[in-house]
Amino acid sequence: MLGQNPDGDLSCVYCELPAETWDHLIGLVKKGELRGYGHQLGNLVPCCKKCNSEKGAKDWEVYLGKKLPEPSALAEKRRRIASYRDRYAALVNLEHAKGQSPDDWALYGQINDEILMLMKKADVVAARLHDTIKQSYEKQKPVGGSSA
């Protein structure tokens, strides 16, 4: 359905280079709120790291349109991906789930807040590490340029 070789390595659904990761067609979160597809087969597609990074949280169809400007190739890829998504992905009714498990939603919110706080702390530490590495590199550079 996605045009993959079942006997070979997977390729990126966007650029056809070797796949190194998986991309969520429909992002898990939008504006801090869970979205209703999650980690299910029809929402995950093989992807190279470059395309996964470039796509980020963008809608897959928007990203694909920028990646493949040629109309016939774009139409065929959109058809394949949409067919795969429609066959294997099921929209989860999150509003119904919220009403059924309010304690879990509260816990989810608490965990999400903790993760965001830890990510901010990690960014501060990463910046310090980057500065330390940069300073170490500067100390190791030969004075007066290259000896070649």
# chains A, B, ... in the order shown; residues from 1 in each chain; ligands from 1

$ select_by_dssp --residues "segment 41-117 of chain A" --states "helix (DSSP H, G or I)" --output "PDB file with N, CA and C atoms, in the first residue's frame"
ATOM      1  N   LEU A  41      -0.642   1.584  14.170  1.00  0.00           N
ATOM      2  CA  LEU A  41      -0.056   1.232  12.889  1.00  0.00           C
ATOM      3  C   LEU A  41      -0.374   2.250  11.792  1.00  0.00           C
ATOM      4  N   GLY A  42      -1.585   2.597  11.602  1.00  0.00           N
ATOM      5  CA  GLY A  42      -1.966   3.496  10.508  1.00  0.00           C
ATOM      6  C   GLY A  42      -1.551   4.933  10.702  1.00  0.00           C
ATOM      7  N   ASN A  43      -1.009   5.265  11.855  1.00  0.00           N
ATOM      8  CA  ASN A  43      -0.525   6.618  12.100  1.00  0.00           C
ATOM      9  C   ASN A  43       1.000   6.675  12.086  1.00  0.00           C
ATOM     10  N   LYS A  49      15.498  10.353   9.027  1.00  0.00           N
ATOM     11  CA  LYS A  49      15.620  11.341  10.099  1.00  0.00           C
ATOM     12  C   LYS A  49      15.460  12.764   9.577  1.00  0.00           C
ATOM     13  N   LYS A  50      15.988  13.033   8.381  1.00  0.00           N
ATOM     14  CA  LYS A  50      15.917  14.388   7.824  1.00  0.00           C
ATOM     15  C   LYS A  50      14.459  14.803   7.601  1.00  0.00           C
ATOM     16  N   CYS A  51      13.695  13.946   6.945  1.00  0.00           N
ATOM     17  CA  CYS A  51      12.282  14.283   6.688  1.00  0.00           C
ATOM     18  C   CYS A  51      11.500  14.380   7.996  1.00  0.00           C
ATOM     19  N   ASN A  52      11.769  13.480   8.952  1.00  0.00           N
ATOM     20  CA  ASN A  52      11.068  13.510  10.233  1.00  0.00           C
ATOM     21  C   ASN A  52      11.329  14.843  10.924  1.00  0.00           C
ATOM     22  N   SER A  53      12.573  15.285  10.890  1.00  0.00           N
ATOM     23  CA  SER A  53      12.936  16.553  11.522  1.00  0.00           C
ATOM     24  C   SER A  53      12.309  17.735  10.782  1.00  0.00           C
ATOM     25  N   GLU A  54      12.383  17.723   9.455  1.00  0.00           N
ATOM     26  CA  GLU A  54      11.810  18.815   8.664  1.00  0.00           C
ATOM     27  C   GLU A  54      10.294  18.893   8.819  1.00  0.00           C
ATOM     28  N   LYS A  55       9.637  17.749   8.841  1.00  0.00           N
ATOM     29  CA  LYS A  55       8.178  17.736   8.956  1.00  0.00           C
ATOM     30  C   LYS A  55       7.746  18.224  10.327  1.00  0.00           C
ATOM     31  N   TRP A  60       1.049  16.112   7.473  1.00  0.00           N
ATOM     32  CA  TRP A  60       1.828  15.339   6.509  1.00  0.00           C
ATOM     33  C   TRP A  60       1.544  15.757   5.071  1.00  0.00           C
ATOM     34  N   GLU A  61       0.302  16.132   4.769  1.00  0.00           N
ATOM     35  CA  GLU A  61      -0.031  16.529   3.394  1.00  0.00           C
ATOM     36  C   GLU A  61       0.616  17.855   3.017  1.00  0.00           C
ATOM     37  N   VAL A  62       0.679  18.774   3.966  1.00  0.00           N
ATOM     38  CA  VAL A  62       1.341  20.057   3.729  1.00  0.00           C
ATOM     39  C   VAL A  62       2.835  19.820   3.490  1.00  0.00           C
ATOM     40  N   TYR A  63       3.448  19.019   4.362  1.00  0.00           N
ATOM     41  CA  TYR A  63       4.877  18.725   4.215  1.00  0.00           C
ATOM     42  C   TYR A  63       5.150  18.043   2.877  1.00  0.00           C
ATOM     43  N   LEU A  64       4.351  17.066   2.523  1.00  0.00           N
ATOM     44  CA  LEU A  64       4.545  16.330   1.275  1.00  0.00           C
ATOM     45  C   LEU A  64       4.432  17.271   0.073  1.00  0.00           C
ATOM     46  N   GLY A  65       3.495  18.217   0.134  1.00  0.00           N
ATOM     47  CA  GLY A  65       3.325  19.181  -0.954  1.00  0.00           C
ATOM     48  C   GLY A  65       4.559  20.039  -1.164  1.00  0.00           C
ATOM     49  N   LYS A  66       5.262  20.357  -0.086  1.00  0.00           N
ATOM     50  CA  LYS A  66       6.498  21.138  -0.199  1.00  0.00           C
ATOM     51  C   LYS A  66       7.654  20.256  -0.665  1.00  0.00           C
ATOM     52  N   LYS A  67       7.612  18.996  -0.294  1.00  0.00           N
ATOM     53  CA  LYS A  67       8.683  18.056  -0.627  1.00  0.00           C
ATOM     54  C   LYS A  67       8.598  17.616  -2.090  1.00  0.00           C
ATOM     55  N   PRO A  71       3.136  17.593  -9.665  1.00  0.00           N
ATOM     56  CA  PRO A  71       1.749  17.194  -9.365  1.00  0.00           C
ATOM     57  C   PRO A  71       1.439  15.707  -9.436  1.00  0.00           C
ATOM     58  N   SER A  72       1.905  14.995 -10.453  1.00  0.00           N
ATOM     59  CA  SER A  72       1.514  13.580 -10.558  1.00  0.00           C
ATOM     60  C   SER A  72       2.183  12.738  -9.478  1.00  0.00           C
ATOM     61  N   ALA A  73       3.454  12.998  -9.178  1.00  0.00           N
ATOM     62  CA  ALA A  73       4.137  12.258  -8.103  1.00  0.00           C
ATOM     63  C   ALA A  73       3.491  12.576  -6.760  1.00  0.00           C
ATOM     64  N   LEU A  74       3.142  13.835  -6.556  1.00  0.00           N
ATOM     65  CA  LEU A  74       2.495  14.258  -5.310  1.00  0.00           C
ATOM     66  C   LEU A  74       1.137  13.567  -5.149  1.00  0.00           C
ATOM     67  N   ALA A  75       0.349  13.543  -6.202  1.00  0.00           N
ATOM     68  CA  ALA A  75      -0.980  12.923  -6.134  1.00  0.00           C
ATOM     69  C   ALA A  75      -0.881  11.433  -5.801  1.00  0.00           C
ATOM     70  N   GLU A  76       0.070  10.744  -6.416  1.00  0.00           N
ATOM     71  CA  GLU A  76       0.219   9.306  -6.170  1.00  0.00           C
ATOM     72  C   GLU A  76       0.664   9.040  -4.737  1.00  0.00           C
ATOM     73  N   LYS A  77       1.623   9.804  -4.224  1.00  0.00           N
ATOM     74  CA  LYS A  77       2.077   9.617  -2.831  1.00  0.00           C
ATOM     75  C   LYS A  77       0.948   9.923  -1.859  1.00  0.00           C
ATOM     76  N   ARG A  78       0.233  11.008  -2.090  1.00  0.00           N
ATOM     77  CA  ARG A  78      -0.895  11.356  -1.210  1.00  0.00           C
ATOM     78  C   ARG A  78      -1.923  10.230  -1.198  1.00  0.00           C
ATOM     79  N   ARG A  79      -2.208   9.684  -2.369  1.00  0.00           N
ATOM     80  CA  ARG A  79      -3.193   8.598  -2.464  1.00  0.00           C
ATOM     81  C   ARG A  79      -2.731   7.393  -1.657  1.00  0.00           C
ATOM     82  N   ARG A  80      -1.468   7.012  -1.809  1.00  0.00           N
ATOM     83  CA  ARG A  80      -0.950   5.839  -1.099  1.00  0.00           C
ATOM     84  C   ARG A  80      -0.979   6.034   0.423  1.00  0.00           C
ATOM     85  N   ILE A  81      -0.497   7.177   0.860  1.00  0.00           N
ATOM     86  CA  ILE A  81      -0.434   7.424   2.308  1.00  0.00           C
ATOM     87  C   ILE A  81      -1.835   7.524   2.894  1.00  0.00           C
ATOM     88  N   ALA A  82      -2.725   8.241   2.222  1.00  0.00           N
ATOM     89  CA  ALA A  82      -4.096   8.383   2.722  1.00  0.00           C
ATOM     90  C   ALA A  82      -4.811   7.029   2.765  1.00  0.00           C
ATOM     91  N   SER A  83      -4.591   6.211   1.755  1.00  0.00           N
ATOM     92  CA  SER A  83      -5.196   4.880   1.725  1.00  0.00           C
ATOM     93  C   SER A  83      -4.700   4.035   2.899  1.00  0.00           C
ATOM     94  N   TYR A  84      -3.400   4.085   3.153  1.00  0.00           N
ATOM     95  CA  TYR A  84      -2.801   3.363   4.293  1.00  0.00           C
ATOM     96  C   TYR A  84      -3.401   3.864   5.611  1.00  0.00           C
ATOM     97  N   ARG A  85      -3.444   5.180   5.785  1.00  0.00           N
ATOM     98  CA  ARG A  85      -3.990   5.763   7.011  1.00  0.00           C
ATOM     99  C   ARG A  85      -5.457   5.356   7.192  1.00  0.00           C
ATOM    100  N   ASP A  86      -6.233   5.486   6.130  1.00  0.00           N
ATOM    101  CA  ASP A  86      -7.665   5.166   6.223  1.00  0.00           C
ATOM    102  C   ASP A  86      -7.907   3.696   6.542  1.00  0.00           C
ATOM    103  N   ARG A  87      -7.040   2.827   6.040  1.00  0.00           N
ATOM    104  CA  ARG A  87      -7.221   1.391   6.274  1.00  0.00           C
ATOM    105  C   ARG A  87      -6.801   0.963   7.675  1.00  0.00           C
ATOM    106  N   TYR A  88      -5.715   1.566   8.199  1.00  0.00           N
ATOM    107  CA  TYR A  88      -5.130   1.058   9.442  1.00  0.00           C
ATOM    108  C   TYR A  88      -5.248   1.970  10.663  1.00  0.00           C
ATOM    109  N   LEU A  94     -11.303  11.064  22.133  1.00  0.00           N
ATOM    110  CA  LEU A  94     -10.666  11.484  23.377  1.00  0.00           C
ATOM    111  C   LEU A  94     -11.655  12.124  24.346  1.00  0.00           C
ATOM    112  N   GLU A  95     -12.672  12.795  23.826  1.00  0.00           N
ATOM    113  CA  GLU A  95     -13.656  13.420  24.720  1.00  0.00           C
ATOM    114  C   GLU A  95     -14.392  12.346  25.528  1.00  0.00           C
ATOM    115  N   HIS A  96     -14.713  11.242  24.886  1.00  0.00           N
ATOM    116  CA  HIS A  96     -15.360  10.132  25.587  1.00  0.00           C
ATOM    117  C   HIS A  96     -14.415   9.567  26.647  1.00  0.00           C
ATOM    118  N   ALA A  97     -13.142   9.422  26.275  1.00  0.00           N
ATOM    119  CA  ALA A  97     -12.151   8.872  27.210  1.00  0.00           C
ATOM    120  C   ALA A  97     -11.961   9.795  28.414  1.00  0.00           C
ATOM    121  N   LYS A  98     -12.021  11.106  28.193  1.00  0.00           N
ATOM    122  CA  LYS A  98     -11.864  12.050  29.310  1.00  0.00           C
ATOM    123  C   LYS A  98     -12.978  11.849  30.334  1.00  0.00           C
ATOM    124  N   GLY A  99     -14.177  11.628  29.852  1.00  0.00           N
ATOM    125  CA  GLY A  99     -15.296  11.423  30.760  1.00  0.00           C
ATOM    126  C   GLY A  99     -15.220  10.100  31.509  1.00  0.00           C
ATOM    127  N   GLN A 100     -14.549   9.119  30.932  1.00  0.00           N
ATOM    128  CA  GLN A 100     -14.474   7.795  31.530  1.00  0.00           C
ATOM    129  C   GLN A 100     -13.339   7.639  32.541  1.00  0.00           C
ATOM    130  N   PRO A 102     -11.267  10.398  34.499  1.00  0.00           N
ATOM    131  CA  PRO A 102     -10.754  11.718  34.884  1.00  0.00           C
ATOM    132  C   PRO A 102      -9.473  11.652  35.707  1.00  0.00           C
ATOM    133  N   ASP A 103      -9.302  10.614  36.532  1.00  0.00           N
ATOM    134  CA  ASP A 103      -8.072  10.502  37.324  1.00  0.00           C
ATOM    135  C   ASP A 103      -6.849  10.309  36.427  1.00  0.00           C
ATOM    136  N   ASP A 104      -6.999   9.498  35.393  1.00  0.00           N
ATOM    137  CA  ASP A 104      -5.888   9.288  34.464  1.00  0.00           C
ATOM    138  C   ASP A 104      -5.570  10.564  33.691  1.00  0.00           C
ATOM    139  N   TRP A 105      -6.587  11.332  33.318  1.00  0.00           N
ATOM    140  CA  TRP A 105      -6.328  12.586  32.608  1.00  0.00           C
ATOM    141  C   TRP A 105      -5.613  13.582  33.515  1.00  0.00           C
ATOM    142  N   ALA A 106      -5.987  13.625  34.771  1.00  0.00           N
ATOM    143  CA  ALA A 106      -5.301  14.514  35.721  1.00  0.00           C
ATOM    144  C   ALA A 106      -3.849  14.077  35.886  1.00  0.00           C
ATOM    145  N   LEU A 107      -3.623  12.773  36.001  1.00  0.00           N
ATOM    146  CA  LEU A 107      -2.261  12.251  36.119  1.00  0.00           C
ATOM    147  C   LEU A 107      -1.469  12.546  34.848  1.00  0.00           C
ATOM    148  N   TYR A 108      -2.104  12.379  33.695  1.00  0.00           N
ATOM    149  CA  TYR A 108      -1.454  12.689  32.433  1.00  0.00           C
ATOM    150  C   TYR A 108      -1.018  14.161  32.411  1.00  0.00           C
ATOM    151  N   GLY A 109      -1.880  15.057  32.816  1.00  0.00           N
ATOM    152  CA  GLY A 109      -1.547  16.482  32.853  1.00  0.00           C
ATOM    153  C   GLY A 109      -0.366  16.765  33.772  1.00  0.00           C
ATOM    154  N   GLN A 110      -0.365  16.120  34.927  1.00  0.00           N
ATOM    155  CA  GLN A 110       0.732  16.296  35.884  1.00  0.00           C
ATOM    156  C   GLN A 110       2.056  15.786  35.285  1.00  0.00           C
ATOM    157  N   ILE A 111       2.032  14.619  34.692  1.00  0.00           N
ATOM    158  CA  ILE A 111       3.239  14.052  34.079  1.00  0.00           C
ATOM    159  C   ILE A 111       3.710  14.943  32.933  1.00  0.00           C
ATOM    160  N   ASN A 112       2.784  15.413  32.115  1.00  0.00           N
ATOM    161  CA  ASN A 112       3.129  16.295  31.000  1.00  0.00           C
ATOM    162  C   ASN A 112       3.819  17.564  31.510  1.00  0.00           C
ATOM    163  N   ASP A 113       3.301  18.150  32.575  1.00  0.00           N
ATOM    164  CA  ASP A 113       3.926  19.349  33.152  1.00  0.00           C
ATOM    165  C   ASP A 113       5.334  19.047  33.657  1.00  0.00           C
ATOM    166  N   GLU A 114       5.505  17.891  34.305  1.00  0.00           N
ATOM    167  CA  GLU A 114       6.828  17.491  34.799  1.00  0.00           C
ATOM    168  C   GLU A 114       7.819  17.310  33.652  1.00  0.00           C
ATOM    169  N   ILE A 115       7.358  16.706  32.562  1.00  0.00           N
ATOM    170  CA  ILE A 115       8.223  16.495  31.402  1.00  0.00           C
ATOM    171  C   ILE A 115       8.669  17.831  30.825  1.00  0.00           C
ATOM    172  N   LEU A 116       7.741  18.760  30.678  1.00  0.00           N
ATOM    173  CA  LEU A 116       8.096  20.077  30.133  1.00  0.00           C
ATOM    174  C   LEU A 116       9.104  20.794  31.031  1.00  0.00           C
ATOM    175  N   MET A 117       8.932  20.679  32.362  1.00  0.00           N
ATOM    176  CA  MET A 117       9.868  21.292  33.289  1.00  0.00           C
ATOM    177  C   MET A 117      11.253  20.656  33.140  1.00  0.00           C
TER     178      MET A 117
END

$ residues_around --residues "Tyr37 of chain A" --least-positions-apart "4" --cutoff "10 Å" --atoms "only C-alpha atoms" --output "NGL selection string"
:A and (24-29 or 41-44 or 89-94)
